[in-house]
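Colleague: For reference, the file final.txt (compact mmCIF, C-alpha atoms and all ligand atoms) is included below:
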```txt
# COMPACT_ATOMS: atom_id res chain seq x y z
CA MET A 1 -6.20 16.12 -0.35
CA ARG A 2 -5.85 14.94 3.23
CA LEU A 3 -7.81 17.91 4.57
CA ALA A 4 -10.49 17.53 1.92
CA ALA A 5 -10.80 13.84 2.84
CA GLN A 6 -11.13 14.81 6.47
CA GLY A 7 -13.97 17.15 5.59
CA ARG A 8 -15.91 14.60 3.51
CA LEU A 9 -15.42 11.35 5.42
CA PRO A 10 -17.01 10.32 8.70
CA ARG A 11 -14.45 10.53 11.46
CA LEU A 12 -14.50 6.75 11.86
CA LEU A 13 -13.24 6.32 8.31
CA PHE A 14 -10.87 9.27 8.16
CA ASP A 15 -9.16 8.11 11.35
CA TYR A 16 -8.96 4.56 10.03
CA VAL A 17 -7.03 5.82 7.00
CA ASP A 18 -5.04 8.56 8.70
CA GLY A 19 -4.11 6.83 11.95
CA GLY A 20 -1.34 4.49 13.01
CA ALA A 21 -0.28 2.20 15.84
CA HIS A 22 0.00 3.37 19.45
CA SER A 23 1.86 6.72 19.70
CA GLU A 24 2.11 6.95 15.88
CA THR A 25 5.85 7.57 16.24
CA THR A 26 6.78 5.28 13.35
CA MET A 27 4.02 6.70 11.21
CA ARG A 28 5.40 10.21 11.66
CA ALA A 29 8.99 9.00 11.18
CA ASN A 30 8.06 7.46 7.81
CA ALA A 31 7.29 10.86 6.37
CA GLY A 32 9.76 12.80 8.52
CA ASP A 33 12.87 10.71 7.80
CA PHE A 34 12.93 11.68 4.13
CA ALA A 35 14.26 14.96 5.51
CA GLN A 36 17.48 13.16 6.47
CA TRP A 37 18.44 12.94 2.81
CA ARG A 38 19.59 15.50 0.26
CA LEU A 39 19.36 15.29 -3.52
CA MET A 40 22.10 16.69 -5.76
CA PRO A 41 21.04 19.12 -8.52
CA ARG A 42 23.04 18.93 -11.75
CA ILE A 43 23.11 21.60 -14.44
CA LEU A 44 23.19 22.09 -18.19
CA ARG A 45 21.75 18.74 -19.22
CA ASN A 46 18.87 18.54 -21.62
CA VAL A 47 15.80 17.80 -19.51
CA GLN A 48 13.09 19.01 -21.86
CA HIS A 49 11.48 15.57 -22.07
CA ILE A 50 11.23 13.47 -18.95
CA ASP A 51 10.43 9.76 -19.18
CA LEU A 52 8.88 8.36 -16.01
CA SER A 53 8.47 4.81 -17.26
CA THR A 54 10.33 2.01 -15.56
CA ARG A 55 10.33 -1.73 -15.04
CA PHE A 56 8.92 -3.58 -12.05
CA MET A 57 6.64 -6.55 -11.40
CA GLY A 58 7.64 -8.15 -14.65
CA ALA A 59 6.70 -5.31 -17.01
CA ARG A 60 7.48 -1.77 -18.02
CA HIS A 61 5.02 0.72 -16.50
CA ARG A 62 4.44 4.36 -17.34
CA LEU A 63 5.02 5.45 -13.74
CA PRO A 64 7.54 4.48 -11.06
CA PHE A 65 4.76 4.24 -8.46
CA TRP A 66 1.77 1.93 -8.02
CA PHE A 67 -1.12 1.59 -5.61
CA ALA A 68 -0.41 -0.32 -2.40
CA PRO A 69 -3.14 -2.69 -1.22
CA VAL A 70 -5.44 -0.70 1.05
CA GLY A 71 -8.47 -2.25 2.72
CA TYR A 72 -11.99 -0.83 2.49
CA LEU A 73 -11.38 1.62 -0.35
CA GLY A 74 -14.99 0.98 -1.30
CA LEU A 75 -16.08 2.60 1.96
CA LEU A 76 -14.35 5.87 1.15
CA SER A 77 -16.26 6.32 -2.07
CA PRO A 78 -18.86 4.14 -3.82
CA ARG A 79 -17.09 1.30 -5.64
CA GLY A 80 -13.88 3.04 -4.60
CA ASP A 81 -11.58 0.07 -5.11
CA ILE A 82 -12.81 -0.32 -8.66
CA ALA A 83 -12.37 3.41 -9.24
CA ALA A 84 -8.78 3.19 -7.97
CA GLY A 85 -8.16 0.21 -10.27
CA ARG A 86 -9.44 2.23 -13.21
CA VAL A 87 -7.17 5.16 -12.38
CA ALA A 88 -4.17 2.83 -12.06
CA CYS A 89 -4.99 1.37 -15.46
CA GLU A 90 -5.36 4.76 -17.13
CA ALA A 91 -2.14 5.97 -15.54
CA GLY A 92 -0.32 2.86 -16.75
CA THR A 93 0.57 1.31 -13.42
CA VAL A 94 -0.25 -1.57 -11.07
CA MET A 95 -3.24 -1.81 -8.72
CA GLY A 96 -2.68 -3.62 -5.42
CA ILE A 97 -5.85 -5.45 -4.38
CA SER A 98 -6.32 -5.87 -0.62
CA THR A 99 -7.76 -9.03 0.92
CA PHE A 100 -10.10 -6.57 2.65
CA SER A 101 -11.39 -4.99 -0.53
CA ILE A 102 -15.06 -4.12 -0.74
CA ALA A 103 -15.41 -5.29 -4.32
CA PRO A 104 -14.36 -8.87 -5.09
CA LEU A 105 -10.85 -9.10 -6.49
CA GLU A 106 -12.25 -10.29 -9.83
CA GLU A 107 -14.11 -7.01 -10.35
CA ILE A 108 -11.14 -4.85 -9.39
CA ALA A 109 -8.82 -6.86 -11.62
CA GLY A 110 -11.34 -6.42 -14.43
CA ALA A 111 -11.18 -2.64 -14.10
CA ALA A 112 -7.43 -2.43 -13.58
CA GLY A 113 -4.69 -3.17 -16.09
CA GLN A 114 -2.04 -5.18 -14.25
CA SER A 115 -3.01 -5.92 -10.67
CA ALA A 116 -1.33 -7.60 -7.74
CA CYS A 117 -3.32 -9.67 -5.28
CA GLN A 118 -2.48 -9.08 -1.62
CA LEU A 119 -2.84 -12.10 0.64
CA TYR A 120 -3.24 -12.42 4.37
CA MET A 121 -2.70 -16.10 5.10
CA VAL A 122 -5.50 -17.24 7.37
CA ARG A 123 -5.71 -20.29 9.63
CA ASP A 124 -8.12 -21.96 7.24
CA ARG A 125 -5.86 -22.87 4.31
CA ALA A 126 -8.92 -23.65 2.19
CA ILE A 127 -9.67 -19.89 2.13
CA THR A 128 -6.08 -19.09 1.20
CA ARG A 129 -6.13 -21.67 -1.58
CA ASP A 130 -9.43 -20.35 -2.87
CA ILE A 131 -8.11 -16.77 -2.99
CA LEU A 132 -5.07 -18.01 -4.93
CA ASP A 133 -7.29 -19.89 -7.38
CA ARG A 134 -9.52 -16.86 -7.83
CA ALA A 135 -6.52 -14.58 -8.41
CA LYS A 136 -5.10 -16.95 -11.00
CA SER A 137 -8.47 -17.24 -12.78
CA ALA A 138 -8.67 -13.43 -12.80
CA GLY A 139 -5.40 -13.35 -14.73
CA ILE A 140 -3.30 -12.03 -11.85
CA SER A 141 0.32 -13.14 -11.78
CA ASP A 142 1.68 -11.02 -8.91
CA LEU A 143 1.03 -12.02 -5.34
CA ILE A 144 1.81 -9.86 -2.33
CA LEU A 145 2.16 -11.83 0.90
CA THR A 146 1.77 -9.43 3.81
CA VAL A 147 3.73 -10.69 6.80
CA ASP A 148 3.92 -7.78 9.22
CA THR A 149 0.49 -8.42 10.71
CA PRO A 150 0.68 -11.51 12.96
CA VAL A 151 -1.46 -9.40 15.29
CA THR A 152 -3.15 -6.04 14.95
CA PRO A 153 -1.77 -3.64 17.53
CA LEU A 154 -3.72 -0.96 19.31
CA ARG A 155 -4.60 1.85 16.97
CA PRO A 156 -5.88 4.38 19.47
CA ARG A 157 -8.01 6.31 17.00
CA ASP A 158 -9.76 3.15 15.82
CA ALA A 159 -10.24 2.02 19.41
CA ARG A 160 -11.76 5.39 20.33
CA ASN A 161 -14.09 5.29 17.35
CA GLY A 162 -15.01 1.62 17.77
CA PHE A 163 -13.69 0.72 14.32
CA ARG A 164 -13.57 -3.05 13.70
CA ALA A 165 -14.16 -3.83 17.39
CA VAL A 166 -17.91 -3.47 16.99
CA THR A 167 -20.16 -5.81 15.08
CA ARG A 168 -23.11 -3.37 14.92
CA PHE A 169 -23.20 0.36 14.26
CA GLY A 170 -24.27 2.37 17.32
CA ALA A 171 -25.92 5.78 17.65
CA ARG A 172 -22.62 7.67 17.58
CA HIS A 173 -21.59 5.98 14.33
CA VAL A 174 -24.90 6.96 12.77
CA LEU A 175 -24.42 10.53 14.02
CA ASP A 176 -20.89 10.57 12.59
CA MET A 177 -22.26 9.52 9.18
CA VAL A 178 -25.14 11.98 9.26
CA ARG A 179 -22.66 14.78 9.96
CA HIS A 180 -20.98 13.97 6.63
CA PRO A 181 -23.94 14.24 4.27
CA ARG A 182 -22.01 14.30 0.99
CA TRP A 183 -20.34 11.00 1.79
CA LEU A 184 -23.60 9.57 3.14
CA ALA A 185 -25.60 10.55 0.05
CA ASP A 186 -22.97 9.01 -2.25
CA MET A 187 -22.84 5.77 -0.30
CA ALA A 188 -26.62 5.52 0.19
CA ARG A 189 -27.13 5.51 -3.57
CA ASN A 190 -25.14 2.29 -3.75
CA GLY A 191 -26.96 0.29 -1.05
CA PRO A 192 -25.49 -1.84 1.76
CA VAL A 193 -21.78 -2.55 1.71
CA GLU A 194 -20.13 -5.90 2.36
CA ALA A 195 -16.53 -7.03 2.67
CA GLY A 196 -17.10 -8.25 -0.87
CA ASN A 197 -13.81 -10.01 -1.43
CA ILE A 198 -14.36 -12.40 1.46
CA ALA A 199 -18.16 -12.39 1.68
CA ARG A 200 -18.31 -15.83 0.06
CA TYR A 201 -16.51 -17.44 3.00
CA ASP A 202 -18.42 -18.42 6.10
CA LEU A 203 -17.53 -15.33 8.13
CA GLY A 204 -20.91 -13.98 9.11
CA LYS A 205 -23.05 -11.21 7.68
CA GLY A 206 -22.25 -7.59 6.94
CA ILE A 207 -18.96 -5.80 6.72
CA LEU A 208 -18.38 -5.38 10.45
CA GLU A 209 -18.76 -9.03 11.34
CA GLN A 210 -16.98 -10.35 8.25
CA SER A 211 -13.98 -8.06 8.76
CA ALA A 212 -13.71 -8.72 12.48
CA ARG A 213 -13.82 -12.47 11.90
CA LEU A 214 -11.32 -12.50 9.05
CA GLY A 215 -9.04 -10.21 11.06
CA ARG A 216 -9.03 -12.77 13.88
CA GLU A 217 -8.35 -15.54 11.37
CA ILE A 218 -5.03 -14.06 10.15
CA ASP A 219 -2.56 -16.77 11.07
CA PRO A 220 0.02 -15.68 13.68
CA ARG A 221 1.85 -19.04 13.39
CA LEU A 222 3.38 -18.30 9.96
CA VAL A 223 7.01 -19.37 9.54
CA TRP A 224 9.41 -19.68 6.61
CA ASP A 225 7.96 -23.11 5.74
CA ASP A 226 4.72 -21.33 4.89
CA LEU A 227 6.53 -19.18 2.35
CA ASP A 228 7.98 -22.40 0.90
CA TRP A 229 4.46 -23.81 0.75
CA LEU A 230 3.21 -20.71 -1.04
CA ARG A 231 6.13 -20.87 -3.45
CA GLY A 232 5.11 -24.44 -4.23
CA VAL A 233 1.48 -23.65 -4.99
CA TRP A 234 1.77 -20.22 -6.68
CA SER A 235 3.51 -20.18 -10.04
CA GLY A 236 3.46 -16.40 -10.51
CA ARG A 237 5.66 -13.81 -8.84
CA ILE A 238 5.65 -13.49 -5.03
CA TYR A 239 6.49 -10.28 -3.15
CA VAL A 240 6.84 -10.42 0.62
CA LYS A 241 5.48 -7.22 2.14
CA GLY A 242 6.54 -5.81 5.48
CA VAL A 243 10.30 -6.41 5.39
CA LEU A 244 12.69 -4.07 7.23
CA HIS A 245 15.56 -6.32 8.41
CA PRO A 246 18.29 -7.18 5.88
CA GLY A 247 18.50 -10.78 7.14
CA ASP A 248 14.76 -11.23 6.62
CA ALA A 249 15.04 -9.76 3.15
CA ARG A 250 17.81 -12.22 2.24
CA ALA A 251 15.77 -15.10 3.64
CA CYS A 252 12.74 -14.05 1.53
CA ARG A 253 14.92 -14.18 -1.55
CA ASP A 254 16.42 -17.54 -0.56
CA HIS A 255 12.95 -18.99 0.04
CA GLY A 256 11.95 -18.16 -3.51
CA ALA A 257 10.35 -14.73 -3.29
CA ASP A 258 10.79 -12.65 -6.45
CA GLY A 259 10.92 -9.49 -4.43
CA VAL A 260 10.45 -7.83 -1.07
CA ILE A 261 8.41 -4.79 -0.17
CA VAL A 262 10.25 -2.61 2.31
CA SER A 263 7.37 -1.35 4.40
CA ASN A 264 6.19 -0.93 7.98
CA HIS A 265 2.56 -0.88 6.90
CA GLY A 266 2.52 2.90 7.01
CA GLY A 267 3.28 2.88 10.74
CA ARG A 268 0.17 0.86 11.52
CA GLN A 269 1.91 -2.18 13.01
CA LEU A 270 5.01 -2.06 15.28
CA ASP A 271 5.20 1.42 16.77
CA PHE A 272 8.83 2.56 17.22
CA ALA A 273 9.92 0.38 14.31
CA PRO A 274 12.40 2.28 12.13
CA SER A 275 11.06 4.34 9.28
CA ALA A 276 10.87 2.40 6.04
CA ILE A 277 13.18 4.81 4.18
CA SER A 278 15.93 4.32 6.79
CA CYS A 279 15.86 0.55 6.13
CA LEU A 280 15.77 0.67 2.35
CA PRO A 281 19.51 1.04 1.56
CA VAL A 282 20.55 -1.91 3.74
CA VAL A 283 17.81 -4.13 2.37
CA ARG A 284 18.87 -3.38 -1.21
CA GLU A 285 22.46 -4.09 -0.24
CA ALA A 286 21.46 -7.38 1.40
CA VAL A 287 19.47 -8.86 -1.49
CA GLY A 288 21.72 -7.73 -4.31
CA PRO A 289 20.70 -6.40 -7.69
CA ASP A 290 18.69 -9.39 -8.94
CA CYS A 291 15.94 -9.41 -6.34
CA GLU A 292 13.21 -6.82 -6.81
CA VAL A 293 12.89 -4.28 -4.02
CA LEU A 294 9.66 -2.32 -3.79
CA PHE A 295 9.04 0.33 -1.18
CA ASP A 296 6.18 2.01 0.67
CA SER A 297 5.38 3.95 3.85
CA GLY A 298 5.34 7.72 4.07
CA VAL A 299 5.46 8.58 0.37
CA ARG A 300 3.64 11.87 -0.20
CA ARG A 301 5.81 13.92 -2.58
CA GLY A 302 7.79 13.54 -5.77
CA THR A 303 11.03 13.95 -3.86
CA ASP A 304 10.03 10.99 -1.64
CA VAL A 305 9.63 8.81 -4.72
CA VAL A 306 12.92 9.98 -6.22
CA MET A 307 14.77 9.40 -2.93
CA ALA A 308 13.42 5.86 -2.60
CA LEU A 309 14.41 5.05 -6.17
CA ALA A 310 17.84 6.59 -5.62
CA LEU A 311 18.26 4.41 -2.52
CA GLY A 312 17.62 1.21 -4.42
CA ALA A 313 13.87 0.72 -4.84
CA ASP A 314 12.65 -0.57 -8.20
CA ALA A 315 9.31 1.16 -7.61
CA VAL A 316 7.35 2.84 -4.86
CA ALA A 317 3.80 2.23 -3.63
CA LEU A 318 1.23 4.75 -2.44
CA GLY A 319 -1.05 3.92 0.46
CA ARG A 320 -2.66 6.93 2.05
CA ALA A 321 -1.76 9.28 -0.80
CA CYS A 322 -4.21 7.37 -2.98
CA ALA A 323 -6.77 6.83 -0.19
CA TYR A 324 -6.90 10.55 0.68
CA GLY A 325 -7.64 11.35 -2.97
CA LEU A 326 -10.43 8.81 -3.06
CA GLY A 327 -11.87 9.99 0.25
CA ALA A 328 -11.75 13.62 -0.85
CA PHE A 329 -13.10 13.52 -4.41
CA GLY A 330 -13.68 9.88 -5.39
CA GLU A 331 -12.16 8.66 -8.64
CA ALA A 332 -11.28 12.22 -9.74
CA GLY A 333 -9.36 12.65 -6.48
CA VAL A 334 -7.20 9.59 -7.10
CA ALA A 335 -6.52 10.77 -10.65
CA ARG A 336 -5.59 14.20 -9.29
CA ALA A 337 -3.23 12.67 -6.72
CA VAL A 338 -1.54 10.72 -9.52
CA ASP A 339 -1.23 13.83 -11.70
CA LEU A 340 0.26 15.88 -8.89
CA LEU A 341 2.80 13.21 -8.08
CA ARG A 342 3.67 12.66 -11.72
CA GLU A 343 4.37 16.38 -12.19
CA ASP A 344 6.30 16.54 -8.95
CA ILE A 345 8.55 13.59 -9.87
CA ALA A 346 9.18 15.02 -13.34
CA SER A 347 10.21 18.40 -11.99
CA THR A 348 12.43 16.78 -9.32
CA LEU A 349 14.22 14.77 -12.00
CA ALA A 350 14.62 17.82 -14.22
CA LEU A 351 16.19 19.79 -11.38
CA MET A 352 18.60 16.92 -10.80
CA GLY A 353 19.57 17.01 -14.48
CA LEU A 354 18.05 13.60 -15.14
CA ALA A 355 15.78 12.90 -18.10
CA SER A 356 14.37 9.56 -17.03
CA ILE A 357 13.80 7.17 -14.15
CA ASP A 358 16.12 4.69 -15.82
CA GLU A 359 18.85 7.34 -15.85
CA LEU A 360 18.20 7.99 -12.16
CA LYS A 361 18.51 4.28 -11.38
CA ALA A 362 21.76 4.03 -13.32
CA GLN A 363 23.54 6.78 -11.35
CA PRO A 364 26.10 5.87 -8.70
CA ARG A 365 24.19 6.46 -5.48
CA ASP A 366 26.76 8.82 -3.93
CA GLU A 367 26.48 11.11 -6.93
CA ILE A 368 22.79 11.85 -6.42
CA ILE A 369 21.81 11.36 -2.80
CA ALA A 370 23.50 11.84 0.55
CA ARG A 371 22.44 11.47 4.15
CA ILE A 372 22.93 14.60 6.20
CA THR A 373 25.04 14.12 9.28
CA PRO A 374 23.25 15.03 12.50
C1 LIG B 1 -6.34 2.44 5.48
C2 LIG B 1 -5.25 1.46 5.18
C3 LIG B 1 -5.57 0.13 4.94
C4 LIG B 1 -4.55 -0.77 4.62
N1 LIG B 1 -4.90 -2.07 4.33
C5 LIG B 1 -3.92 -2.94 3.97
C6 LIG B 1 -4.25 -4.26 3.59
O1 LIG B 1 -5.41 -4.65 3.56
N2 LIG B 1 -3.23 -5.09 3.25
C7 LIG B 1 -1.91 -4.69 3.27
O2 LIG B 1 -1.03 -5.46 2.96
N3 LIG B 1 -1.60 -3.42 3.60
C8 LIG B 1 -2.55 -2.55 3.94
N4 LIG B 1 -2.23 -1.26 4.26
C9 LIG B 1 -0.81 -0.83 4.19
C10 LIG B 1 -0.49 -0.28 2.81
O3 LIG B 1 -0.44 -1.31 1.86
C11 LIG B 1 0.88 0.42 2.80
O4 LIG B 1 1.85 -0.45 3.32
C12 LIG B 1 0.89 1.71 3.62
O5 LIG B 1 -0.31 2.42 3.46
C13 LIG B 1 2.06 2.59 3.16
O6 LIG B 1 2.15 3.73 3.93
P1 LIG B 1 1.54 5.15 3.49
O7 LIG B 1 0.08 5.06 3.77
O8 LIG B 1 2.24 6.10 4.39
O9 LIG B 1 1.83 5.34 2.03
C14 LIG B 1 -3.22 -0.35 4.58
C15 LIG B 1 -2.92 1.00 4.80
C16 LIG B 1 -3.91 1.89 5.09
C17 LIG B 1 -3.56 3.33 5.31
```
Do you think you could lay out the structure here as C-alpha cells?
Ligand SMILES: Cc1cc2nc3c(=O)[nH]c(=O)nc-3n(C[C@H](O)[C@H](O)[C@H](O)COP(=O)(O)O)c2cc1C

Modeller:
Amino acid sequence: MRLAAQGRLPRLLFDYVDGGAHSETTMRANAGDFAQWRLMPRILRNVQHIDLSTRFMGARHRLPFWFAPVGYLGLLSPRGDIAAGRVACEAGTVMGISTFSIAPLEEIAGAAGQSACQLYMVRDRAITRDILDRAKSAGISDLILTVDTPVTPLRPRDARNGFRAVTRFGARHVLDMVRHPRWLADMARNGPVEAGNIARYDLGKGILEQSARLGREIDPRLVWDDLDWLRGVWSGRIYVKGVLHPGDARACRDHGADGVIVSNHGGRQLDFAPSAISCLPVVREAVGPDCEVLFDSGVRRGTDVVMALALGADAVALGRACAYGLGAFGEAGVARAVDLLREDIASTLALMGLASIDELKAQPRDEIIARITP
C-alpha cells in the first residue's frame, strides 16, 4: 500500500504522510521496537472461529482497531475523510476526525458510525467552544484532546517540499501534481479544496493559508487547568492523546480524562522520544485497570495490534496504515487495508491458541508476551 501511495500521490503529499520529525529516529523506532517482543504460540485449542470484537470508547466494536485522526485525508483522495468514515462504519469501528479534516466534521460524522472528534485547543477559545458545540450537535460523544503538539518541530521532508510553510503553490508544486496525473484527474473533478472543518473561522482563504494560520494558533500555553476546563464544558468522554510518561497518564486520569492515548504522533513530534510500544506497559500499570488506554504509532501488522493489546491497550489506532490505503486506491484502498489487518490479527490469534480478543485480554501477560533480552 505504501509503495502504491507513493506512486499515485504528489511527492508533497506522500512525504507529508510518510515523514516524521527531524532524523525520524522515533518514527522508525515505533515500527522497529515491536521486534523486541515475542508472542507465545499455544496448541490444541479450538480456534476455528475467531471473534475480533471488543469494547472501547463506550461500546463494543467489531474490530480492536480504529482510525486515528489524520489531517488532510481529503487531499489524498477526493472526499477522502468521508470515504474513510464510511469504511470505518462498514467495518464496525470508530472514525477519528482531525481538526484539520478537509470535510467539515459534521459530514464525516454523518458518513461514519461512531466517531471521535479530535481537538487542538487554539488560543481563541471561541473556536474551541464552537468545535465542541458542533461535535455535540453532530452526535459525537468522544473527544480526543491532542496535547503533544505545543509546537510543530522541523519535519525535513515537509520543509524541503514547502508543505504548510507556503501560502501559495509555486511552479514546482504544480509540476509535482502534473507528474501524478491519476491523482490530479481525481482531485480536479472535485474542484478547489479547503480546510473545510475550519473554513468557517476567520483564518484566511484556501487550504494553505487556513492551515498555516490554524497551525500557528495551536495554544502552547496549555496546562492541567485547561484539561479541567475542558472536563467542565464537555459532558462526553475525553481521551488525552500523546501520553508516554506514566506520571502524565496518572494525572490525565486524576483530572477527569476517561482514557489516555499512548502515542508519539507517529514520530512526528519529539524526535528521540521513546517508541510508543515501549511506553505502553508502564502507562497501563500507572493508570490501573479502570482507565481506558488506547494506543497508536507504528502499527502496520496484525502482530503489532496483538502485541499492543497484550501489553494493556484496550484498542489500537491506525494512522498511516489507513492513509496509505487511501492515497493508493481511495476508499477501496482503506477497505483493503482493513481487510488485510483483520485477517492478519485473526491468524495471529489462531496461532496463539486464542479464539477472541477478549480471551487475549484476559490472559496473564507473562503467559502470552515476553520482551527479549538484548
Ligand atoms: C499525515 C498525518 C496527519 C496527522 N494529523 C493528525 C491530526 O490532525 N491530529 C492528531 O491528533 N494526530 C494527527 N496525526 C497523528 C495520528 O493521529 C497518529 O497518532 C499517528 O499517525 C500514529 O502513527 P502511525 O502513523 O505510525 O500509525 C497525523 C498523522 C499523520 C501521519

Colleague: I need the residue nearest ligand LIG 1 (chain B) from this list: A:Ala315, A:Val334, A:Val70, A:Ile43. Use all atoms listed in the file for the distance.

Modeller: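 Result for the nearest residue to ligand LIG 1 (chain B): A:Val70.
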
Colleague: When the cut-off is 9 Å and you count only C-alpha atoms and all ligand atoms, which residues lie near ligand LIG 1 (chain B), shown as a ChimeraX atom specification?

Modeller: /A:13-20,27-28,30-31,67-73,96-101,118-120,144-149,241-242,261-268,295-300,317-323

Colleague: Keeping C-alpha atoms, export the residues of the selection given above as a short mmCIF file (atom, residue, chain, number, x, y, z; two decimals), in the frame of the given file.

Modeller:
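Final output, out17.cif:
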```
data_model
loop_
_atom_site.label_atom_id
_atom_site.label_comp_id
_atom_site.auth_asym_id
_atom_site.auth_seq_id
_atom_site.Cartn_x
_atom_site.Cartn_y
_atom_site.Cartn_z
CA LEU A 13 -13.24 6.32 8.31
CA PHE A 14 -10.87 9.27 8.16
CA ASP A 15 -9.16 8.11 11.35
CA TYR A 16 -8.96 4.56 10.03
CA VAL A 17 -7.03 5.82 7.00
CA ASP A 18 -5.04 8.56 8.70
CA GLY A 19 -4.11 6.83 11.95
CA GLY A 20 -1.34 4.49 13.01
CA MET A 27 4.02 6.70 11.21
CA ARG A 28 5.40 10.21 11.66
CA ASN A 30 8.06 7.46 7.81
CA ALA A 31 7.29 10.86 6.37
CA PHE A 67 -1.12 1.59 -5.61
CA ALA A 68 -0.41 -0.32 -2.40
CA PRO A 69 -3.14 -2.69 -1.22
CA VAL A 70 -5.44 -0.70 1.05
CA GLY A 71 -8.47 -2.25 2.72
CA TYR A 72 -11.99 -0.83 2.49
CA LEU A 73 -11.38 1.62 -0.35
CA GLY A 96 -2.68 -3.62 -5.42
CA ILE A 97 -5.85 -5.45 -4.38
CA SER A 98 -6.32 -5.87 -0.62
CA THR A 99 -7.76 -9.03 0.92
CA PHE A 100 -10.10 -6.57 2.65
CA SER A 101 -11.39 -4.99 -0.53
CA GLN A 118 -2.48 -9.08 -1.62
CA LEU A 119 -2.84 -12.10 0.64
CA TYR A 120 -3.24 -12.42 4.37
CA ILE A 144 1.81 -9.86 -2.33
CA LEU A 145 2.16 -11.83 0.90
CA THR A 146 1.77 -9.43 3.81
CA VAL A 147 3.73 -10.69 6.80
CA ASP A 148 3.92 -7.78 9.22
CA THR A 149 0.49 -8.42 10.71
CA LYS A 241 5.48 -7.22 2.14
CA GLY A 242 6.54 -5.81 5.48
CA ILE A 261 8.41 -4.79 -0.17
CA VAL A 262 10.25 -2.61 2.31
CA SER A 263 7.37 -1.35 4.40
CA ASN A 264 6.19 -0.93 7.98
CA HIS A 265 2.56 -0.88 6.90
CA GLY A 266 2.52 2.90 7.01
CA GLY A 267 3.28 2.88 10.74
CA ARG A 268 0.17 0.86 11.52
CA PHE A 295 9.04 0.33 -1.18
CA ASP A 296 6.18 2.01 0.67
CA SER A 297 5.38 3.95 3.85
CA GLY A 298 5.34 7.72 4.07
CA VAL A 299 5.46 8.58 0.37
CA ARG A 300 3.64 11.87 -0.20
CA ALA A 317 3.80 2.23 -3.63
CA LEU A 318 1.23 4.75 -2.44
CA GLY A 319 -1.05 3.92 0.46
CA ARG A 320 -2.66 6.93 2.05
CA ALA A 321 -1.76 9.28 -0.80
CA CYS A 322 -4.21 7.37 -2.98
CA ALA A 323 -6.77 6.83 -0.19
#
```

Colleague: Mind pulling up the distance from atom CA of A:Leu12 to atom CA of A:Arg160?

Modeller: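 Interatomic distance, atom CA of A:Arg160 to atom CA of A:Leu12: 9.0 Å.
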
Colleague: Would you mind reading off the distance between atom CA of A:Ala346 and atom CA of A:Leu294, one decimal, in Å?

Modeller: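 So the answer is 19.8 Å.
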
Colleague: So how far away is atom CA of A:Phe65 from atom CA of A:Leu52, in Å?

Modeller: 9.5 Å

Colleague: Compile a residue-level contact table for stretch 292-333 of chain A against stretch 347-353 of chain A at a cut-off of 10 Å, reporting for every qualifying residue the shortest atom pair and its distance in Å to one decimal, with only C-alpha atoms counted, rows ordered by chain and ascending number, as JSON lines.

Modeller:
```
{"residue": "A:Arg301", "atom": "CA", "partner": "A:Thr348", "partner_atom": "CA", "distance": 9.9}
{"residue": "A:Gly302", "atom": "CA", "partner": "A:Thr348", "partner_atom": "CA", "distance": 6.7}
{"residue": "A:Thr303", "atom": "CA", "partner": "A:Thr348", "partner_atom": "CA", "distance": 6.3}
{"residue": "A:Asp304", "atom": "CA", "partner": "A:Thr348", "partner_atom": "CA", "distance": 9.9}
{"residue": "A:Val305", "atom": "CA", "partner": "A:Thr348", "partner_atom": "CA", "distance": 9.6}
{"residue": "A:Val306", "atom": "CA", "partner": "A:Thr348", "partner_atom": "CA", "distance": 7.5}
```

Colleague: With only C-alpha atoms as the atoms that count, which of A:Arg200, A:Arg172, A:Gly206, A:Arg125 lies nearest to A:Val233?

Modeller: A:Arg125

Colleague: Would you mind telling me which residue in A:Leu39, A:Ala84, A:Leu227, A:Ala335 lies nearest to A:Ile369 when using all atoms listed in the file?

Modeller: A:Leu39

Colleague: Out of A:Thr373, A:Thr25, A:Ser77, A:Gln363, which residue has the shortest atom-to-atom distance to A:Trp183 when counting all atoms listed in the file?

Modeller: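 For A:Trp183, the nearest of the given residues is A:Ser77.
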
Colleague: Do you know which residues are at most 10 Å from A:Ile218 counting all atoms listed in the file, after dropping those on the same chain fewer than 4 positions away, and could you put them as a compact mmCIF listing (two decimals) with C-alpha atoms, in the coordinates of the input?

Modeller:
```
# COMPACT_ATOMS: atom_id res chain seq x y z
CA LEU A 119 -2.84 -12.10 0.64
CA TYR A 120 -3.24 -12.42 4.37
CA MET A 121 -2.70 -16.10 5.10
CA VAL A 122 -5.50 -17.24 7.37
CA ARG A 123 -5.71 -20.29 9.63
CA ASP A 124 -8.12 -21.96 7.24
CA VAL A 147 3.73 -10.69 6.80
CA THR A 149 0.49 -8.42 10.71
CA PRO A 150 0.68 -11.51 12.96
CA VAL A 151 -1.46 -9.40 15.29
CA THR A 152 -3.15 -6.04 14.95
CA ARG A 213 -13.82 -12.47 11.90
CA LEU A 214 -11.32 -12.50 9.05
CA LEU A 222 3.38 -18.30 9.96
```

Colleague: Counting all atoms listed in the file, which residue out of A:Asp219, A:Asp271, A:Cys291, A:Gly7 sits closest to A:Ala251?

Modeller: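 Of the candidates, the smallest distance to A:Ala251 is held by A:Cys291.
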